[in-house]
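Undergrad: Right, I'll just put the structure down here and ask away after.
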Amino acid sequence: MLDELKPTEPPDCLILPAAFFAQDTVTVARALLGCQLWQFHPPTSAWRAFRIVETEAYTQNDPACHAYNRTTGRAETLYHHPGTAYVYLIYGMYHCLNVVTEPHGTAGAVLFRALEPVEDQSLKTHGPGRLTKALGITRQAANGLPLTRWEHGLCLSAGQDYSDGQVIQTTRIGITKAMDYPWRFYIKDNPWVSVKAASV
C-alpha cells in the first residue's frame with residue numbers, strides 16, 4: 001500500500017487543495033495541464049515528479065462515465081471528496097488513474113492520459129495504462145487516496161501554466177459513447193502525448 005511507505009515530506013511545492021478539484025470537471029481537466037503528479041519512490045527514498053500533459057474529463061451526466069445512472073459499485077468513489085484518486089481496471093489488465101472532481105456528492109473525474117517524467121525519461125508514461133504500470137499504481141494501492149495530501153506517497157501540485165495556443169482541445173479516445181464530446185486536452189507538440197489529433 002502506498003500509505004505504508006512512510007514518505008518524508010516532498011520538496012517545496014504547492015499541493016493542490018480540494019477546492020481546486022471542486023470545480024467543473026472540464027475546467028479542471030484543462031487546468032491540470034502543466035501541474036505535477038508527485039510519487040514517493042521507496043528504492044531511492046525520494047520523490048519523483050511527472051508533468052501532466054494529457055487529460056480527459058468525465059461527468060455523471062456523461063454516458064461514457066462510470067457514474068452515469070449509477071451511484072454504487074466502482075462508481076461510488078466518483079462521488080467522494082474532490083481530489084480523491086479513482087483507479088479502475090480495464091481489459092482485466094490495465095489500471096487507469098483519475099482524480100475526482102466537482103463538489104462532494106456530485107460525480108466527476110479527470111483521467112490522466114499521459115505524463116512527462118521530469119527526471120527519468122526512460123519511463124513509459126505516454127498512455128493511461130502505461131503510466132500506471134510505470135509508476136506501479138493499482139486500484140488496490142491507490143483507489144480512494146486523497147491526492148491533496150502527501151502522506152500516502154502520491155499527490156498533485158501546481159506547475160507550469162500553458163496558454164490556449166499551446167493546448168489542443170479535442171474529442172476523447174478509446175470510448176464508444178459520447179465520442180463527440182470535446183473533453184480531451186493535451187499540450188501541443190509534447191512528445192509524451194499518447195495520440196495526436198486536430199483541435200476542435
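Naming scheme: A, B, ... for chains in displayed order of the C-alpha cells; residues 1 onward per chain; ligands 1 onward as shown.
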Near Cys155 (chain A), counting only C-alpha atoms, which residues have an atom at most 7 Å away, once you skip same-chain residues fewer than 4 positions from it, shown as a VMD selection string?
TA: chain A and resid 37 to 39 147 to 150
Undergrad: Contacts of region 28-33 of chain A at 8 Å or less, counting only C-alpha atoms, minus same-chain residues fewer than 6 places along, as a VMD selection string?
TA: chain A and resid 20 to 21 51 to 57 101 110 160 to 162 183 to 187
Undergrad: Restricting the output to N, CA and C atoms, write the selected residues as a compact mmCIF listing (two decimals), in the first residue's frame.
TA:
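As a result, out00.txt now contains:
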```txt
# COMPACT_ATOMS: atom_id res chain seq x y z
N PHE A 20 -9.59 23.24 -5.58
CA PHE A 20 -9.19 23.24 -6.99
C PHE A 20 -10.00 22.20 -7.77
N PHE A 21 -10.21 21.04 -7.17
CA PHE A 21 -10.89 19.93 -7.84
C PHE A 21 -12.41 20.02 -7.73
N ARG A 51 5.07 15.71 -15.05
CA ARG A 51 4.24 16.80 -15.56
C ARG A 51 3.03 16.23 -16.29
N ILE A 52 1.85 16.75 -16.00
CA ILE A 52 0.63 16.29 -16.63
C ILE A 52 0.52 16.94 -18.01
N VAL A 53 0.46 16.12 -19.06
CA VAL A 53 0.46 16.67 -20.42
C VAL A 53 -0.77 16.26 -21.23
N GLU A 54 -1.61 15.38 -20.68
CA GLU A 54 -2.81 14.96 -21.42
C GLU A 54 -3.88 14.48 -20.43
N THR A 55 -5.10 14.99 -20.58
CA THR A 55 -6.19 14.65 -19.67
C THR A 55 -7.50 14.45 -20.44
N GLU A 56 -8.47 13.83 -19.78
CA GLU A 56 -9.83 13.71 -20.31
C GLU A 56 -10.81 13.92 -19.17
N ALA A 57 -11.94 14.57 -19.46
CA ALA A 57 -12.97 14.84 -18.46
C ALA A 57 -14.15 13.88 -18.60
N THR A 101 -13.55 15.03 -9.23
CA THR A 101 -13.82 16.46 -9.36
C THR A 101 -15.25 16.76 -8.92
N VAL A 110 -11.27 13.39 -13.72
CA VAL A 110 -10.35 13.65 -14.82
C VAL A 110 -9.39 12.47 -14.93
N GLN A 160 3.44 24.45 -14.26
CA GLN A 160 3.57 25.42 -15.35
C GLN A 160 2.22 25.73 -15.98
N ASP A 161 1.99 26.99 -16.30
CA ASP A 161 0.77 27.40 -16.99
C ASP A 161 1.00 27.39 -18.50
N TYR A 162 -0.02 27.00 -19.25
CA TYR A 162 0.06 26.98 -20.71
C TYR A 162 -1.05 27.85 -21.28
N TRP A 183 -13.74 16.83 -24.79
CA TRP A 183 -13.30 16.91 -23.40
C TRP A 183 -11.92 16.30 -23.17
N ARG A 184 -11.12 16.28 -24.21
CA ARG A 184 -9.73 15.82 -24.08
C ARG A 184 -8.82 17.02 -24.33
N PHE A 185 -7.79 17.14 -23.49
CA PHE A 185 -6.86 18.25 -23.59
C PHE A 185 -5.43 17.72 -23.56
N TYR A 186 -4.58 18.32 -24.38
CA TYR A 186 -3.16 17.96 -24.30
C TYR A 186 -2.28 19.11 -24.74
N ILE A 187 -1.03 19.07 -24.31
CA ILE A 187 -0.08 20.12 -24.62
C ILE A 187 0.45 19.92 -26.04
```
Undergrad: Write out as a VMD selection string each polymer residue whose atoms come within 10 Å of Thr125 (chain A), counting only C-alpha atoms; drop sequence neighbours fewer than 3 positions from it.
TA: chain A and resid 50 113 to 117 121 to 122 128 to 135 192 to 194
Undergrad: With N, CA and C atoms retained, could you export that selection as a JSON list (two decimals), in the first residue's frame?
TA:
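Output file part.json is given in full below:
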```
[["chain", "number", "residue", "atom", "x", "y", "z"],
["A", 50, "PHE", "N", 6.14, 14.20, -12.15],
["A", 50, "PHE", "CA", 5.69, 13.94, -13.52],
["A", 50, "PHE", "C", 4.75, 15.07, -13.94],
["A", 113, "ARG", "N", -4.14, 10.84, -18.99],
["A", 113, "ARG", "CA", -3.81, 10.05, -20.17],
["A", 113, "ARG", "C", -2.32, 9.99, -20.45],
["A", 114, "ALA", "N", -1.57, 11.00, -20.05],
["A", 114, "ALA", "CA", -0.13, 10.98, -20.29],
["A", 114, "ALA", "C", 0.58, 11.91, -19.32],
["A", 115, "LEU", "N", 1.77, 11.48, -18.90],
["A", 115, "LEU", "CA", 2.62, 12.25, -18.01],
["A", 115, "LEU", "C", 4.01, 12.38, -18.63],
["A", 116, "GLU", "N", 4.66, 13.48, -18.38],
["A", 116, "GLU", "CA", 6.05, 13.66, -18.81],
["A", 116, "GLU", "C", 6.96, 13.56, -17.60],
["A", 117, "PRO", "N", 7.83, 12.55, -17.51],
["A", 117, "PRO", "CA", 8.74, 12.45, -16.37],
["A", 117, "PRO", "C", 9.67, 13.66, -16.33],
["A", 121, "GLN", "N", 13.44, 10.01, -17.90],
["A", 121, "GLN", "CA", 12.64, 9.95, -19.12],
["A", 121, "GLN", "C", 12.71, 8.60, -19.82],
["A", 122, "SER", "N", 13.27, 7.60, -19.14],
["A", 122, "SER", "CA", 13.22, 6.24, -19.68],
["A", 122, "SER", "C", 11.89, 5.57, -19.33],
["A", 128, "PRO", "N", -2.66, 6.03, -20.57],
["A", 128, "PRO", "CA", -3.19, 5.80, -19.21],
["A", 128, "PRO", "C", -2.78, 4.47, -18.60],
["A", 129, "GLY", "N", -2.71, 3.41, -19.40],
["A", 129, "GLY", "CA", -2.28, 2.13, -18.88],
["A", 129, "GLY", "C", -0.77, 2.06, -18.68],
["A", 130, "ARG", "N", -0.03, 2.70, -19.57],
["A", 130, "ARG", "CA", 1.43, 2.71, -19.46],
["A", 130, "ARG", "C", 1.90, 3.48, -18.23],
["A", 131, "LEU", "N", 1.26, 4.61, -17.96],
["A", 131, "LEU", "CA", 1.75, 5.43, -16.86],
["A", 131, "LEU", "C", 1.52, 4.77, -15.50],
["A", 132, "THR", "N", 0.39, 4.10, -15.33],
["A", 132, "THR", "CA", 0.16, 3.42, -14.06],
["A", 132, "THR", "C", 1.10, 2.22, -13.90],
["A", 133, "LYS", "N", 1.41, 1.55, -15.01],
["A", 133, "LYS", "CA", 2.36, 0.44, -14.95],
["A", 133, "LYS", "C", 3.75, 0.95, -14.59],
["A", 134, "ALA", "N", 4.16, 2.05, -15.20],
["A", 134, "ALA", "CA", 5.48, 2.61, -14.94],
["A", 134, "ALA", "C", 5.62, 3.06, -13.49],
["A", 135, "LEU", "N", 4.53, 3.58, -12.92],
["A", 135, "LEU", "CA", 4.58, 4.09, -11.55],
["A", 135, "LEU", "C", 4.15, 3.04, -10.52],
["A", 192, "TRP", "N", 5.24, 13.33, -25.17],
["A", 192, "TRP", "CA", 4.70, 12.31, -24.28],
["A", 192, "TRP", "C", 3.21, 12.10, -24.46],
["A", 193, "VAL", "N", 2.55, 12.91, -25.27],
["A", 193, "VAL", "CA", 1.11, 12.75, -25.50],
["A", 193, "VAL", "C", 0.86, 11.41, -26.19],
["A", 194, "SER", "N", -0.21, 10.73, -25.80],
["A", 194, "SER", "CA", -0.45, 9.37, -26.29],
["A", 194, "SER", "C", -0.85, 9.34, -27.76]]
```
Undergrad: Can you work out the spacing between CA of Pro7 (chain A) and CA of Phe40 (chain A) in Å, to one decimal?
TA: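 Computing it gives 6.3 Å between the two atoms.
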Undergrad: DSSP on the backbone, helix (DSSP H, G or I) only: what residues of region 8-191 of chain A does that give? Format it as JSON, numbers by chain.
TA: {"A": [18, 19, 20, 21, 25, 26, 27, 28, 29, 30, 31, 73, 74, 75, 76, 77, 78, 79, 128, 129, 130, 131, 132, 133, 134, 135, 139, 140, 141, 142, 164, 165, 166]}
Undergrad: Find the residues near region 107-109 of chain A: any atom within 7 Å, counting only C-alpha atoms, skip ones fewer than 6 places away on the same chain, and give them as a list in words.
TA: Thr25, Ala57, Tyr58, Thr59, Gln60, Ala67, Leu78, Tyr79, Asn98, Val99, Val100 and Thr101 of chain A
Undergrad: For N, CA and C atoms, I'd like the residues from the last selection saved as a JSON list (two decimals), in the first residue's frame.
TA:
```json
[["chain", "number", "residue", "atom", "x", "y", "z"],
["A", 25, "THR", "N", -15.75, 19.83, -14.03],
["A", 25, "THR", "CA", -14.77, 18.82, -14.42],
["A", 25, "THR", "C", -13.97, 19.21, -15.66],
["A", 57, "ALA", "N", -11.94, 14.57, -19.46],
["A", 57, "ALA", "CA", -12.97, 14.84, -18.46],
["A", 57, "ALA", "C", -14.15, 13.88, -18.60],
["A", 58, "TYR", "N", -14.72, 13.49, -17.45],
["A", 58, "TYR", "CA", -15.91, 12.63, -17.41],
["A", 58, "TYR", "C", -16.83, 13.13, -16.29],
["A", 59, "THR", "N", -18.14, 13.23, -16.59],
["A", 59, "THR", "CA", -19.11, 13.72, -15.59],
["A", 59, "THR", "C", -20.26, 12.73, -15.43],
["A", 60, "GLN", "N", -21.04, 12.90, -14.37],
["A", 60, "GLN", "CA", -22.12, 11.95, -14.08],
["A", 60, "GLN", "C", -23.24, 11.99, -15.12],
["A", 67, "ALA", "N", -20.13, 6.75, -13.60],
["A", 67, "ALA", "CA", -21.19, 7.17, -12.68],
["A", 67, "ALA", "C", -22.49, 7.51, -13.40],
["A", 78, "LEU", "N", -16.46, 7.95, -7.32],
["A", 78, "LEU", "CA", -16.61, 9.19, -8.09],
["A", 78, "LEU", "C", -17.46, 10.24, -7.38],
["A", 79, "TYR", "N", -18.16, 9.84, -6.32],
["A", 79, "TYR", "CA", -18.96, 10.78, -5.54],
["A", 79, "TYR", "C", -18.24, 11.23, -4.27],
["A", 98, "ASN", "N", -7.37, 8.40, -12.17],
["A", 98, "ASN", "CA", -8.21, 9.58, -12.30],
["A", 98, "ASN", "C", -8.18, 10.36, -10.99],
["A", 99, "VAL", "N", -8.61, 11.61, -11.03],
["A", 99, "VAL", "CA", -8.83, 12.38, -9.81],
["A", 99, "VAL", "C", -10.28, 12.85, -9.81],
["A", 100, "VAL", "N", -10.95, 12.68, -8.67],
["A", 100, "VAL", "CA", -12.36, 13.05, -8.53],
["A", 100, "VAL", "C", -12.51, 14.56, -8.54],
["A", 101, "THR", "N", -13.55, 15.03, -9.23],
["A", 101, "THR", "CA", -13.82, 16.46, -9.36],
["A", 101, "THR", "C", -15.25, 16.76, -8.92]]
```
Undergrad: Have a look at A:Asn61, A:Asn69, A:Thr106, A:Thr27 and name the one nearest to Pro82 (chain A); count only C-alpha atoms.
TA: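 Residue with the minimum atom-to-atom distance to Pro82 (chain A): A:Thr106.
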Undergrad: Do you know which residues are at most 10 Å from Arg74 (chain A) counting only C-alpha atoms, after dropping those on the same chain fewer than 4 positions away, and could you put them as number ranges by chain?
TA: A: 66-67, 70, 78, 86-88, 143
Undergrad: Could you dump the residues just selected with C-alpha atoms as a tab-separated table (two decimals), in the first residue's frame?
TA:
```
chain	number	residue	atom	x	y	z
A	66	HIS	CA	-18.80	5.10	-14.83
A	67	ALA	CA	-21.19	7.17	-12.68
A	70	ARG	CA	-25.02	4.72	-11.15
A	78	LEU	CA	-16.61	9.19	-8.09
A	86	TYR	CA	-10.13	6.96	-8.61
A	87	VAL	CA	-8.36	3.94	-10.08
A	88	TYR	CA	-10.09	1.29	-12.18
A	143	ASN	CA	-8.07	3.96	-5.15
```
